[in-house]
Amino acid sequence: MPNHDEAAAVRPLTLAWVSRHLEAGERIVGTQALHGGITADMRRLTIGTRDGDTRHLVLRTFADMEHAEDWLHREAGALTLLTGSDVPAPGLVAVDPTAARCEYPSLLMTHLAGRTVLADEGLETRVPLLARQLVAIHAVRPAVRPREYVALTTADTVVTPKGADAAAWAAAIDVIRKPAPPYEGRFLHRDFQPGNVLFDGEPSRPAGARIAGVVDWAGACWGPTDLDVAHCATNLALLHGPAWGLRFAEAYEEAGGVLAATASERLYWQVRDGLACSEEVRLVSQPWREAGRTELTTQAVEGRLDAYVTAVMEALG
């Protein structure tokens with residue numbers, strides 16, 4: 001009998017689908033829930049090989065089917081595109097975007113060793129590594145351009161935190177009332193942030209010495225490099241303090257990345273991502289607390305977001 005975590009139980013049709021994509025003589029011997037995802041259930045599958053060894057695969061399942069087909073098509077396309085590139089991404093094994101074979105839309109991919117690192121310790125080392133990795137992602141040149149990015153946040157949907165600097169937020173909201181600046185498009189991850197980056201976990205290496213993988217490519221699209229940089233910057237600001245958000249843009253340029261030419265253009269993208277985060281602070285902060293950052297309550301994260309948006313307006317406004 002497979003060794004299943006109760007929370008990791010995989011439904012019968014999906015198990016049969018996965019089994020059809022294994023090598024001859026292989027079987028599923030265990031499943032484990034992976035925590036930290038927001039939009040999908042993630043499970044690590046332990047596969048018993050014919051020679052008595054084991055290997056791992058990762059199963060992504062979307063119980064909420066509203067956007068699943070689109071996300072899975074995009075992720076499958078991105079993983080295929082990145083095969084053989086300098087970007088350490090999972091390999092695509094199989095995908096069922098419409099739940100034709102599985103109970104829910106699903107994607108099966110190879111498992112990457114490594115772990116997410118969300119602690120403050122070692123951040124000085126990790127930030128340049130994150131920046132270099134993002135530059136490498138933006139250097140990918142797809143033969144077929146993915147779809148254009150979509151920005152869902154509007155000036156009317158921003159949620160100003162309680163006790164926030166009202167003047168700074170009003171000015172920031174006015175920034176995104178304007179049309180988006182022109183940009184030269186690049187291949188984007190669209191959710192590049194510490195929770196989607198795996199670091200080498202070898203005991204002989206200090207935490208964060210090497211990036212072992214980048215995961216969650218469901219938002220891959222085409223757009224301005226500033227958008228990916230701004231998203232990682234916002235996450236760093238909320239995880240580690242506002243100064244680290246501002247630092248990331250510098251680190252990206254130091255790594256050879258190119259951002260918008262003018263301060264006003266950069267401001268637009270930096271502010272847009274910070275304001276977008278205002279709508280989902282509770283959703284974003286919960287996985288961080290589950291990962292051990294228990295001090296990052298919704299209120300604490302809102303305070304950091306307020307400080308970061310204010311700092312961006314002061315730096316670039």
# chains A, B, ... in the order shown; residues from 1 in each chain; ligands from 1
call {"tool": "closest_atom_pairs", "arguments": {"of": "region 197-307 of chain A", "to": "region 85-100 of chain A", "cutoff": "12 Å", "atoms": "only C-alpha atoms", "output": "Markdown table"}}
result
| residue | atom | partner | partner_atom | distance |
| --- | --- | --- | --- | --- |
| A:Val197 | CA | A:Ala89 | CA | 9.8 |
| A:Leu198 | CA | A:Pro88 | CA | 9.6 |
| A:Phe199 | CA | A:Pro88 | CA | 11.0 |
| A:Asp200 | CA | A:Pro88 | CA | 11.8 |
| A:Arg210 | CA | A:Pro88 | CA | 11.2 |
| A:Ile211 | CA | A:Pro88 | CA | 8.1 |
| A:Ala212 | CA | A:Pro88 | CA | 6.5 |
| A:Gly213 | CA | A:Pro88 | CA | 4.6 |
| A:Val214 | CA | A:Ala89 | CA | 5.3 |
| A:Val215 | CA | A:Ala89 | CA | 6.1 |
| A:Asp216 | CA | A:Ala89 | CA | 9.0 |
| A:Trp217 | CA | A:Ala89 | CA | 8.7 |
| A:Ala218 | CA | A:Pro97 | CA | 11.6 |
call {"tool": "write_last_selection", "arguments": {"atoms": "N, CA, C and O atoms", "output": "PDB file, in the first residue's frame"}}
result
ATOM      1  N   VAL A 197      11.218  30.172  -5.167  1.00  0.00           N
ATOM      2  CA  VAL A 197      12.624  29.900  -5.481  1.00  0.00           C
ATOM      3  C   VAL A 197      13.156  28.884  -4.481  1.00  0.00           C
ATOM      4  O   VAL A 197      12.969  29.033  -3.270  1.00  0.00           O
ATOM      5  N   LEU A 198      13.802  27.853  -4.985  1.00  0.00           N
ATOM      6  CA  LEU A 198      14.374  26.809  -4.139  1.00  0.00           C
ATOM      7  C   LEU A 198      15.884  26.998  -4.050  1.00  0.00           C
ATOM      8  O   LEU A 198      16.556  27.158  -5.079  1.00  0.00           O
ATOM      9  N   PHE A 199      16.393  26.996  -2.820  1.00  0.00           N
ATOM     10  CA  PHE A 199      17.828  27.124  -2.608  1.00  0.00           C
ATOM     11  C   PHE A 199      18.432  25.775  -2.261  1.00  0.00           C
ATOM     12  O   PHE A 199      17.759  24.896  -1.719  1.00  0.00           O
ATOM     13  N   ASP A 200      19.680  25.639  -2.586  1.00  0.00           N
ATOM     14  CA  ASP A 200      20.410  24.417  -2.294  1.00  0.00           C
ATOM     15  C   ASP A 200      20.379  24.161  -0.801  1.00  0.00           C
ATOM     16  O   ASP A 200      20.772  25.011   0.000  1.00  0.00           O
ATOM     17  N   ARG A 210      23.119  28.806  -3.300  1.00  0.00           N
ATOM     18  CA  ARG A 210      22.895  28.519  -4.719  1.00  0.00           C
ATOM     19  C   ARG A 210      21.409  28.322  -4.962  1.00  0.00           C
ATOM     20  O   ARG A 210      20.722  27.710  -4.151  1.00  0.00           O
ATOM     21  N   ILE A 211      20.912  28.828  -6.077  1.00  0.00           N
ATOM     22  CA  ILE A 211      19.521  28.598  -6.440  1.00  0.00           C
ATOM     23  C   ILE A 211      19.431  27.262  -7.160  1.00  0.00           C
ATOM     24  O   ILE A 211      20.119  27.026  -8.156  1.00  0.00           O
ATOM     25  N   ALA A 212      18.575  26.385  -6.624  1.00  0.00           N
ATOM     26  CA  ALA A 212      18.421  25.043  -7.184  1.00  0.00           C
ATOM     27  C   ALA A 212      17.236  24.951  -8.136  1.00  0.00           C
ATOM     28  O   ALA A 212      17.154  24.019  -8.928  1.00  0.00           O
ATOM     29  N   GLY A 213      16.299  25.885  -8.053  1.00  0.00           N
ATOM     30  CA  GLY A 213      15.143  25.809  -8.931  1.00  0.00           C
ATOM     31  C   GLY A 213      14.204  26.989  -8.782  1.00  0.00           C
ATOM     32  O   GLY A 213      14.195  27.671  -7.758  1.00  0.00           O
ATOM     33  N   VAL A 214      13.433  27.229  -9.822  1.00  0.00           N
ATOM     34  CA  VAL A 214      12.366  28.236  -9.810  1.00  0.00           C
ATOM     35  C   VAL A 214      11.092  27.515 -10.204  1.00  0.00           C
ATOM     36  O   VAL A 214      11.050  26.820 -11.231  1.00  0.00           O
ATOM     37  N   VAL A 215      10.040  27.641  -9.395  1.00  0.00           N
ATOM     38  CA  VAL A 215       8.808  26.885  -9.609  1.00  0.00           C
ATOM     39  C   VAL A 215       7.612  27.826  -9.790  1.00  0.00           C
ATOM     40  O   VAL A 215       7.745  29.042  -9.684  1.00  0.00           O
ATOM     41  N   ASP A 216       6.468  27.233 -10.064  1.00  0.00           N
ATOM     42  CA  ASP A 216       5.184  27.925 -10.234  1.00  0.00           C
ATOM     43  C   ASP A 216       5.205  28.881 -11.428  1.00  0.00           C
ATOM     44  O   ASP A 216       5.240  30.102 -11.273  1.00  0.00           O
ATOM     45  N   TRP A 217       5.119  28.295 -12.621  1.00  0.00           N
ATOM     46  CA  TRP A 217       5.184  29.063 -13.869  1.00  0.00           C
ATOM     47  C   TRP A 217       3.795  29.297 -14.475  1.00  0.00           C
ATOM     48  O   TRP A 217       3.685  29.611 -15.656  1.00  0.00           O
ATOM     49  N   ALA A 218       2.748  29.179 -13.676  1.00  0.00           N
ATOM     50  CA  ALA A 218       1.385  29.291 -14.205  1.00  0.00           C
ATOM     51  C   ALA A 218       1.057  30.701 -14.696  1.00  0.00           C
ATOM     52  O   ALA A 218       0.115  30.888 -15.472  1.00  0.00           O
TER      53      ALA A 218
END
call {"tool": "residues_around", "arguments": {"residues": "Ala164 (chain A)", "least_positions_apart": "5", "cutoff": "12 Å", "atoms": "only C-alpha atoms", "output": "PDB file with C-alpha atoms, in the first residue's frame"}}
result
ATOM      1  CA  VAL A 159      -7.335  48.613  -0.365  1.00  0.00           C
ATOM      2  CA  TRP A 169      -1.422  56.260  -0.886  1.00  0.00           C
ATOM      3  CA  ALA A 170      -3.636  58.803  -2.647  1.00  0.00           C
ATOM      4  CA  SER A 278      -2.946  45.565  -0.912  1.00  0.00           C
ATOM      5  CA  GLN A 299      -1.539  43.698  10.475  1.00  0.00           C
ATOM      6  CA  VAL A 301       2.412  42.937   6.770  1.00  0.00           C
ATOM      7  CA  GLU A 302      -0.007  45.812   6.116  1.00  0.00           C
ATOM      8  CA  GLY A 303       2.309  48.061   8.125  1.00  0.00           C
ATOM      9  CA  ARG A 304       5.285  47.025   6.015  1.00  0.00           C
ATOM     10  CA  LEU A 305       3.298  47.524   2.819  1.00  0.00           C
ATOM     11  CA  ASP A 306       2.380  51.050   3.900  1.00  0.00           C
ATOM     12  CA  ALA A 307       6.025  51.815   4.691  1.00  0.00           C
ATOM     13  CA  TYR A 308       7.155  50.354   1.359  1.00  0.00           C
ATOM     14  CA  VAL A 309       4.644  52.238  -0.802  1.00  0.00           C
ATOM     15  CA  THR A 310       5.589  55.440   1.024  1.00  0.00           C
TER      16      THR A 310
END
call {"tool": "atom_distance", "arguments": {"atom1": "CA of Ala76 (chain A)", "atom2": "CA of Ala151 (chain A)"}}
result
21.7 Å
call {"tool": "closest_residue", "arguments": {"among": "A:Leu239, A:Leu283, A:Ile173, A:Val229", "to": "Glu295 (chain A)", "atoms": "only C-alpha atoms"}}
result
A:Leu239
call {"tool": "select_by_dssp", "arguments": {"residues": "region 62-288 of chain A", "states": "alpha helix (DSSP H)", "output": "ChimeraX atom specification"}}
result
/A:68-82,123-138,166-175,225-240,242-254,263-277,281-288
call {"tool": "residues_around", "arguments": {"residues": "region 40-57 of chain A", "least_positions_apart": "5", "cutoff": "10 Å", "atoms": "only C-alpha atoms", "output": "JSON, numbers by chain"}}
result
{"A": [2, 3, 4, 5, 7, 8, 9, 10, 18, 19, 22, 23, 24, 25, 26, 27, 28, 29, 30, 31, 32, 33, 34, 35, 62, 63, 64, 65, 68, 90, 91, 93, 105, 106, 107, 108, 109, 110, 111, 112, 113, 216]}
call {"tool": "write_last_selection", "arguments": {"atoms": "N, CA and C atoms", "output": "short mmCIF file (atom, residue, chain, number, x, y, z; two decimals), in the first residue's frame"}}
result
data_model
loop_
_atom_site.label_atom_id
_atom_site.label_comp_id
_atom_site.auth_asym_id
_atom_site.auth_seq_id
_atom_site.Cartn_x
_atom_site.Cartn_y
_atom_site.Cartn_z
N PRO A 2 0.56 2.24 -0.83
CA PRO A 2 1.32 3.48 -0.80
C PRO A 2 1.25 4.14 0.57
N ASN A 3 2.32 4.83 0.93
CA ASN A 3 2.39 5.54 2.21
C ASN A 3 1.86 6.96 2.00
N HIS A 4 0.60 7.21 2.33
CA HIS A 4 -0.03 8.51 2.05
C HIS A 4 -0.16 9.34 3.31
N ASP A 5 0.21 10.59 3.20
CA ASP A 5 -0.18 11.62 4.14
C ASP A 5 -1.69 11.81 3.96
N ALA A 7 -3.63 14.37 4.22
CA ALA A 7 -3.91 15.59 3.46
C ALA A 7 -3.43 15.49 2.02
N ALA A 8 -2.59 14.48 1.75
CA ALA A 8 -1.99 14.38 0.42
C ALA A 8 -2.68 13.35 -0.46
N ALA A 9 -3.79 12.79 0.01
CA ALA A 9 -4.46 11.73 -0.74
C ALA A 9 -4.78 12.19 -2.16
N VAL A 10 -4.43 11.35 -3.12
CA VAL A 10 -4.68 11.65 -4.53
C VAL A 10 -5.86 10.80 -4.98
N VAL A 18 -1.53 9.41 -13.42
CA VAL A 18 -0.10 9.50 -13.10
C VAL A 18 0.60 8.19 -13.44
N SER A 19 -0.01 7.08 -13.06
CA SER A 19 0.60 5.76 -13.28
C SER A 19 0.87 5.50 -14.75
N LEU A 22 4.33 6.82 -15.84
CA LEU A 22 5.54 6.32 -15.19
C LEU A 22 6.28 5.37 -16.14
N GLU A 23 7.54 5.13 -15.81
CA GLU A 23 8.32 4.16 -16.58
C GLU A 23 7.80 2.75 -16.28
N ALA A 24 8.11 1.82 -17.19
CA ALA A 24 7.71 0.43 -16.99
C ALA A 24 8.27 -0.10 -15.67
N GLY A 25 7.42 -0.74 -14.90
CA GLY A 25 7.87 -1.32 -13.64
C GLY A 25 7.84 -0.35 -12.46
N GLU A 26 7.51 0.93 -12.68
CA GLU A 26 7.45 1.90 -11.59
C GLU A 26 6.05 1.93 -10.98
N ARG A 27 5.98 2.38 -9.72
CA ARG A 27 4.67 2.53 -9.06
C ARG A 27 4.77 3.64 -8.01
N ILE A 28 3.62 4.21 -7.68
CA ILE A 28 3.56 5.25 -6.65
C ILE A 28 3.61 4.57 -5.28
N VAL A 29 4.57 4.93 -4.45
CA VAL A 29 4.69 4.30 -3.13
C VAL A 29 4.42 5.29 -1.99
N GLY A 30 4.26 6.57 -2.29
CA GLY A 30 3.97 7.54 -1.23
C GLY A 30 3.57 8.89 -1.79
N THR A 31 2.79 9.64 -1.03
CA THR A 31 2.43 11.01 -1.40
C THR A 31 2.57 11.91 -0.18
N GLN A 32 2.96 13.14 -0.43
CA GLN A 32 3.13 14.10 0.66
C GLN A 32 2.64 15.47 0.20
N ALA A 33 1.81 16.12 1.01
CA ALA A 33 1.34 17.46 0.68
C ALA A 33 2.49 18.44 0.80
N LEU A 34 2.59 19.35 -0.17
CA LEU A 34 3.57 20.43 -0.12
C LEU A 34 2.83 21.70 0.21
N HIS A 35 3.30 22.42 1.19
CA HIS A 35 2.60 23.62 1.66
C HIS A 35 3.21 24.89 1.05
N PHE A 62 -5.74 21.64 -9.50
CA PHE A 62 -6.59 22.81 -9.29
C PHE A 62 -8.01 22.36 -8.97
N ALA A 63 -8.40 22.44 -7.70
CA ALA A 63 -9.77 22.12 -7.33
C ALA A 63 -10.73 23.23 -7.79
N ASP A 64 -10.23 24.49 -7.78
CA ASP A 64 -11.01 25.61 -8.29
C ASP A 64 -10.72 25.70 -9.79
N MET A 65 -11.69 25.34 -10.60
CA MET A 65 -11.44 25.17 -12.03
C MET A 65 -11.61 26.44 -12.86
N ALA A 68 -8.18 27.30 -14.22
CA ALA A 68 -7.23 26.19 -14.26
C ALA A 68 -6.72 25.89 -15.67
N PRO A 90 11.30 22.93 -13.31
CA PRO A 90 10.89 21.53 -13.41
C PRO A 90 10.70 21.12 -14.87
N GLY A 91 10.78 19.82 -15.13
CA GLY A 91 10.48 19.30 -16.46
C GLY A 91 9.04 18.85 -16.52
N VAL A 93 6.07 16.48 -17.33
CA VAL A 93 5.85 15.05 -17.56
C VAL A 93 4.52 14.86 -18.29
N PRO A 105 -8.35 19.48 -13.02
CA PRO A 105 -7.23 19.84 -13.89
C PRO A 105 -5.90 19.64 -13.15
N SER A 106 -4.94 19.01 -13.82
CA SER A 106 -3.71 18.61 -13.13
C SER A 106 -2.49 18.72 -14.04
N LEU A 107 -1.34 18.84 -13.40
CA LEU A 107 -0.06 18.87 -14.12
C LEU A 107 0.94 18.05 -13.34
N LEU A 108 1.68 17.21 -14.04
CA LEU A 108 2.71 16.37 -13.43
C LEU A 108 4.07 16.81 -13.93
N MET A 109 4.99 17.03 -13.01
CA MET A 109 6.32 17.53 -13.38
C MET A 109 7.41 16.88 -12.53
N THR A 110 8.63 17.06 -12.98
CA THR A 110 9.75 16.52 -12.21
C THR A 110 9.91 17.31 -10.92
N HIS A 111 10.54 16.69 -9.95
CA HIS A 111 10.76 17.30 -8.64
C HIS A 111 12.15 17.89 -8.58
N LEU A 112 12.25 19.12 -8.10
CA LEU A 112 13.56 19.77 -7.93
C LEU A 112 13.96 19.72 -6.46
N ALA A 113 15.20 19.35 -6.22
CA ALA A 113 15.72 19.38 -4.85
C ALA A 113 15.86 20.83 -4.41
N ASP A 216 6.47 27.23 -10.06
CA ASP A 216 5.18 27.93 -10.23
C ASP A 216 5.21 28.88 -11.43
#
call {"tool": "atom_distance", "arguments": {"atom1": "CA of Glu75 (chain A)", "atom2": "CA of Arg60 (chain A)"}}
result
10.5 Å
call {"tool": "residues_around", "arguments": {"residues": "region 231-233 of chain A", "least_positions_apart": "6", "cutoff": "9 Å", "atoms": "only C-alpha atoms", "output": "ChimeraX atom specification"}}
result
/A:130,190-194,242,244-249,269-270,273-274,277
call {"tool": "closest_residue", "arguments": {"among": "A:Trp17, A:Leu188, A:Ala300, A:Ala315", "to": "Gly163 (chain A)", "atoms": "only C-alpha atoms"}}
result
A:Ala300
call {"tool": "closest_residue", "arguments": {"among": "A:Tyr104, A:Trp71, A:Tyr183, A:Tyr149", "to": "Tyr268 (chain A)", "atoms": "only C-alpha atoms"}}
result
A:Tyr183
call {"tool": "atom_distance", "arguments": {"atom1": "CA of Ala251 (chain A)", "atom2": "CA of Val127 (chain A)"}}
result
7.1 Å
call {"tool": "residues_around", "arguments": {"residues": "His240 (chain A)", "least_positions_apart": "6", "cutoff": "9 Å", "atoms": "only C-alpha atoms", "output": "PDB file with all heavy atoms, in the first residue's frame"}}
result
ATOM      1  N   LEU A 118      12.886  31.726   3.740  1.00  0.00           N
ATOM      2  CA  LEU A 118      12.162  32.978   4.003  1.00  0.00           C
ATOM      3  C   LEU A 118      12.720  33.736   5.201  1.00  0.00           C
ATOM      4  O   LEU A 118      12.199  34.787   5.558  1.00  0.00           O
ATOM      5  CB  LEU A 118      10.677  32.684   4.234  1.00  0.00           C
ATOM      6  CG  LEU A 118       9.946  31.922   3.123  1.00  0.00           C
ATOM      7  CD1 LEU A 118       8.483  31.728   3.499  1.00  0.00           C
ATOM      8  CD2 LEU A 118      10.065  32.648   1.790  1.00  0.00           C
ATOM      9  N   ALA A 119      13.778  33.224   5.815  1.00  0.00           N
ATOM     10  CA  ALA A 119      14.340  33.856   7.003  1.00  0.00           C
ATOM     11  C   ALA A 119      15.123  35.115   6.636  1.00  0.00           C
ATOM     12  O   ALA A 119      15.611  35.259   5.519  1.00  0.00           O
ATOM     13  CB  ALA A 119      15.260  32.875   7.732  1.00  0.00           C
ATOM     14  N   ASP A 120      15.262  36.025   7.603  1.00  0.00           N
ATOM     15  CA  ASP A 120      16.055  37.235   7.393  1.00  0.00           C
ATOM     16  C   ASP A 120      17.548  36.898   7.267  1.00  0.00           C
ATOM     17  O   ASP A 120      18.276  37.565   6.525  1.00  0.00           O
ATOM     18  CB  ASP A 120      15.860  38.209   8.559  1.00  0.00           C
ATOM     19  CG  ASP A 120      14.464  38.836   8.584  1.00  0.00           C
ATOM     20  OD1 ASP A 120      13.838  38.918   7.511  1.00  0.00           O
ATOM     21  OD2 ASP A 120      14.015  39.234   9.673  1.00  0.00           O
ATOM     22  N   LEU A 123      20.130  37.094   3.990  1.00  0.00           N
ATOM     23  CA  LEU A 123      19.453  37.819   2.915  1.00  0.00           C
ATOM     24  C   LEU A 123      20.433  38.576   2.022  1.00  0.00           C
ATOM     25  O   LEU A 123      20.233  38.674   0.809  1.00  0.00           O
ATOM     26  CB  LEU A 123      18.433  38.781   3.529  1.00  0.00           C
ATOM     27  CG  LEU A 123      17.433  39.427   2.573  1.00  0.00           C
ATOM     28  CD1 LEU A 123      16.625  38.362   1.830  1.00  0.00           C
ATOM     29  CD2 LEU A 123      16.506  40.363   3.329  1.00  0.00           C
ATOM     30  N   ARG A 304       4.114  47.014   6.901  1.00  0.00           N
ATOM     31  CA  ARG A 304       5.285  47.025   6.015  1.00  0.00           C
ATOM     32  C   ARG A 304       4.917  47.489   4.604  1.00  0.00           C
ATOM     33  O   ARG A 304       5.699  48.181   3.950  1.00  0.00           O
ATOM     34  CB  ARG A 304       5.913  45.628   5.960  1.00  0.00           C
ATOM     35  CG  ARG A 304       6.696  45.286   7.219  1.00  0.00           C
ATOM     36  CD  ARG A 304       7.472  43.996   7.073  1.00  0.00           C
ATOM     37  NE  ARG A 304       8.379  43.822   8.208  1.00  0.00           N
ATOM     38  CZ  ARG A 304       9.204  42.789   8.357  1.00  0.00           C
ATOM     39  NH1 ARG A 304       9.235  41.839   7.428  1.00  0.00           N
ATOM     40  NH2 ARG A 304       9.996  42.702   9.402  1.00  0.00           N
TER      41      ARG A 304
END
